[in-house]
Amino acid sequence: MGQRLSGKVALITGAAQGIGAAIARAMAQEGARLFVSDRNVVGVTALAQELGATPLAHDVTVEAEWDAVAAAIEKATGKLDILVNNAGIELVKPVSEMSLVEWRQVMAVNLDALFIGSKTLRSLLVAGGSPSSPSSIVNLSSIAGLVGFPNQAAYNTSKGGVRHLTKSLAIEWAAHGHSIRVNSIHPGCIRTPMLEMAVDLWVKTGALPAEDPWAAVGALCPMNTVGDPRDIAMGAVYLASDEARFVTGAELVIDGGWVAR
Ligand SMILES: NC(=O)c1ccc[n+]([C@@H]2O[C@H](COP(=O)([O-])OP(=O)(O)OC[C@H]3O[C@@H](n4cnc5c(N)ncnc54)[C@H](O)[C@@H]3O)[C@@H](O)[C@H]2O)c1
């Protein structure tokens with residue numbers, strides 16, 4: 001076990017599976033005290049047992065549930081050093097078939113929740129940070145927040161919003177003298193339940209071949225492979241640690257070269 005996050009308290013949302021679970025495992029290995037939250041209570045409770053973490057039932061779209069999360073952390077530790085806004089949903093649908101309700105649901109989970117969470121936990125993050133060891137918000141955006149992809153306009157737009165909310169908060173809180181850094185991570189194709197659902201859909205619609213669709217997804221990437229959740233987790237550990245003490249408002253692209261072309 002390493003010590004890069006020793007003494008730090010972290011909250012990871014959407015931690016029941018995929019990238020969130022990988023970030024939780026990596027942060028536990030680096031010595032952080034963890035709160036893991038998800039609307040999937042069974043999944044996040046199992047992960048918490050594995051890691052000796054505290055599970056929290058938490059739908060990130062509900063403001064009152066953020067208040068309850070803040071109260072639980074305040075009572076247990078009185079501070080927060082790391083907030084990983086990871087919970088997210090994908091919607092694969094062309095604009096012509098997308099309802100306003102669907103559009104707003106994607107925005108609620110992927111973007112509005114980051115506004116609510118950052119605002120609600122700000123004072124605990126202020127308590128956790130100091131000039132030599134600022135606290136850290138890590139926001140999960142996507143390469144879809146940097147470039148467009150067809151048939152997922154709501155997702156792309158929400159992730160573009162995450163990128164810009166990240167920079168806005170980084171600058172605003174630095175101007176207010178808060179020791180809180182705010183950065184975004186932009187994963188490419190990472191093999192998780194979310195991407196598995198999308199790949200199934202792309203196979204059904206003929207966008208990917210039925211035979212070995214994962215090889216085809218990998219072939220879209222310059223490095224000719226699909227990423228692993230741990231590839232993202234190691235970036236999150238870096239941004240959360242004091243190694244990144246002078247890094248704020250930045251976007252860390254982890255995509256096997258996708259947007260470098
Ligand atoms: N997998 C990829 O290729 C990829 C690429 C770019 C960005 N991302 C982003 O990374 C993050 C994690 O993605 P993943 O692939 O692990 O997804 P996933 O679907 O496998 O896991 C997402 C988790 O978020 C939780 N969640 C969803 N809505 C929630 C809500 N309202 N409240 C609380 N929890 C909620 C789910 O229960 C689940 O545990 C997301 O923000 C996603 O947009 C993923």
# chains A, B, ... in the order shown; residues from 1 in each chain; ligands from 1
$ residues_near_ligand --ligand "ligand 1" --cutoff "6 Å" --atoms "only C-alpha atoms and all ligand atoms" --output "ChimeraX atom specification"
/A:14-20,38-40,58-61,86-89,109,140-142,187-195
$ residues_around --residues "Ala233 in chain A" --least-positions-apart "6" --cutoff "9 Å" --atoms "only C-alpha atoms" --output "VMD selection string"
chain A and resid 19 to 27
$ write_last_selection --atoms "N, CA, C and O atoms" --output "tab-separated table (two decimals), in the first residue's frame"
chain	number	residue	atom	x	y	z
A	19	ILE	N	-15.60	2.94	-13.39
A	19	ILE	CA	-14.49	3.86	-13.09
A	19	ILE	C	-14.53	4.30	-11.61
A	19	ILE	O	-13.49	4.38	-10.96
A	20	GLY	N	-15.73	4.55	-11.08
A	20	GLY	CA	-15.83	4.98	-9.69
A	20	GLY	C	-15.28	3.94	-8.73
A	20	GLY	O	-14.55	4.28	-7.78
A	21	ALA	N	-15.61	2.68	-8.96
A	21	ALA	CA	-15.09	1.61	-8.09
A	21	ALA	C	-13.58	1.51	-8.21
A	21	ALA	O	-12.87	1.29	-7.21
A	22	ALA	N	-13.06	1.67	-9.43
A	22	ALA	CA	-11.59	1.60	-9.63
A	22	ALA	C	-10.90	2.76	-8.92
A	22	ALA	O	-9.82	2.58	-8.32
A	23	ILE	N	-11.51	3.94	-8.96
A	23	ILE	CA	-10.92	5.09	-8.26
A	23	ILE	C	-10.93	4.83	-6.75
A	23	ILE	O	-9.94	5.10	-6.05
A	24	ALA	N	-12.03	4.28	-6.25
A	24	ALA	CA	-12.11	3.98	-4.81
A	24	ALA	C	-11.01	2.99	-4.41
A	24	ALA	O	-10.32	3.19	-3.40
A	25	ARG	N	-10.84	1.94	-5.20
A	25	ARG	CA	-9.80	0.93	-4.87
A	25	ARG	C	-8.41	1.57	-4.87
A	25	ARG	O	-7.60	1.34	-3.99
A	26	ALA	N	-8.14	2.39	-5.89
A	26	ALA	CA	-6.81	3.01	-6.00
A	26	ALA	C	-6.58	3.99	-4.85
A	26	ALA	O	-5.47	4.05	-4.29
A	27	MET	N	-7.61	4.74	-4.48
A	27	MET	CA	-7.44	5.72	-3.39
A	27	MET	C	-7.30	5.01	-2.04
A	27	MET	O	-6.54	5.47	-1.18
$ residues_around --residues "Ile82 in chain A" --least-positions-apart "3" --cutoff "6 Å" --atoms "only C-alpha atoms" --output "list in words"
Ala10, Ser135, Ser136 and Ile137 of chain A
$ write_last_selection --atoms "C-alpha atoms" --output "PDB file, in the first residue's frame"
ATOM      1  CA  ALA A  10     -12.317  11.360   0.040  1.00  0.00           C
ATOM      2  CA  SER A 135      -8.142  20.017  -1.229  1.00  0.00           C
ATOM      3  CA  SER A 136      -9.089  18.656  -4.647  1.00  0.00           C
ATOM      4  CA  ILE A 137     -12.204  18.194  -6.749  1.00  0.00           C
TER       5      ILE A 137
END
$ select_by_dssp --residues "range 12-232 of chain A" --states "helix (DSSP H, G or I)" --output "VMD selection string"
chain A and resid 18 to 29 41 to 51 63 to 76 95 to 97 100 to 128 143 to 145 153 to 175 193 to 204 213 to 219 229 to 232
$ residues_around --residues "His186 in chain A" --least-positions-apart "6" --cutoff "9 Å" --atoms "only C-alpha atoms" --output "mmCIF file with C-alpha atoms, in the first residue's frame"
data_model
loop_
_atom_site.group_PDB
_atom_site.id
_atom_site.type_symbol
_atom_site.label_atom_id
_atom_site.label_comp_id
_atom_site.auth_asym_id
_atom_site.auth_seq_id
_atom_site.Cartn_x
_atom_site.Cartn_y
_atom_site.Cartn_z
ATOM 1 C CA ASN A 139 -14.654 15.905 -12.168
ATOM 2 C CA LEU A 140 -15.265 13.100 -14.658
ATOM 3 C CA SER A 141 -15.817 14.702 -18.051
ATOM 4 C CA SER A 142 -15.043 12.763 -21.249
ATOM 5 C CA ILE A 143 -13.378 13.144 -24.623
ATOM 6 C CA ALA A 144 -17.034 13.811 -25.585
ATOM 7 C CA GLY A 145 -16.625 17.047 -23.622
ATOM 8 C CA LEU A 146 -13.848 18.077 -26.013
ATOM 9 C CA LYS A 159 -19.541 16.772 -20.485
ATOM 10 C CA ARG A 163 -15.159 20.939 -18.447
ATOM 11 C CA ILE A 232 -8.468 6.586 -15.128
ATOM 12 C CA GLU A 251 -8.025 18.876 -18.172
ATOM 13 C CA LEU A 252 -6.296 15.504 -18.000
ATOM 14 C CA VAL A 253 -7.009 13.523 -21.179
ATOM 15 C CA ILE A 254 -6.592 9.732 -20.746
ATOM 16 C CA ASP A 255 -7.719 8.306 -24.076
#
$ atom_distance --atom1 "CA of Asp200 in chain A" --atom2 "CA of Cys221 in chain A"
18.5 Å
$ atom_distance --atom1 "CA of Leu208 in chain A" --atom2 "CA of Tyr155 in chain A"
19.8 Å
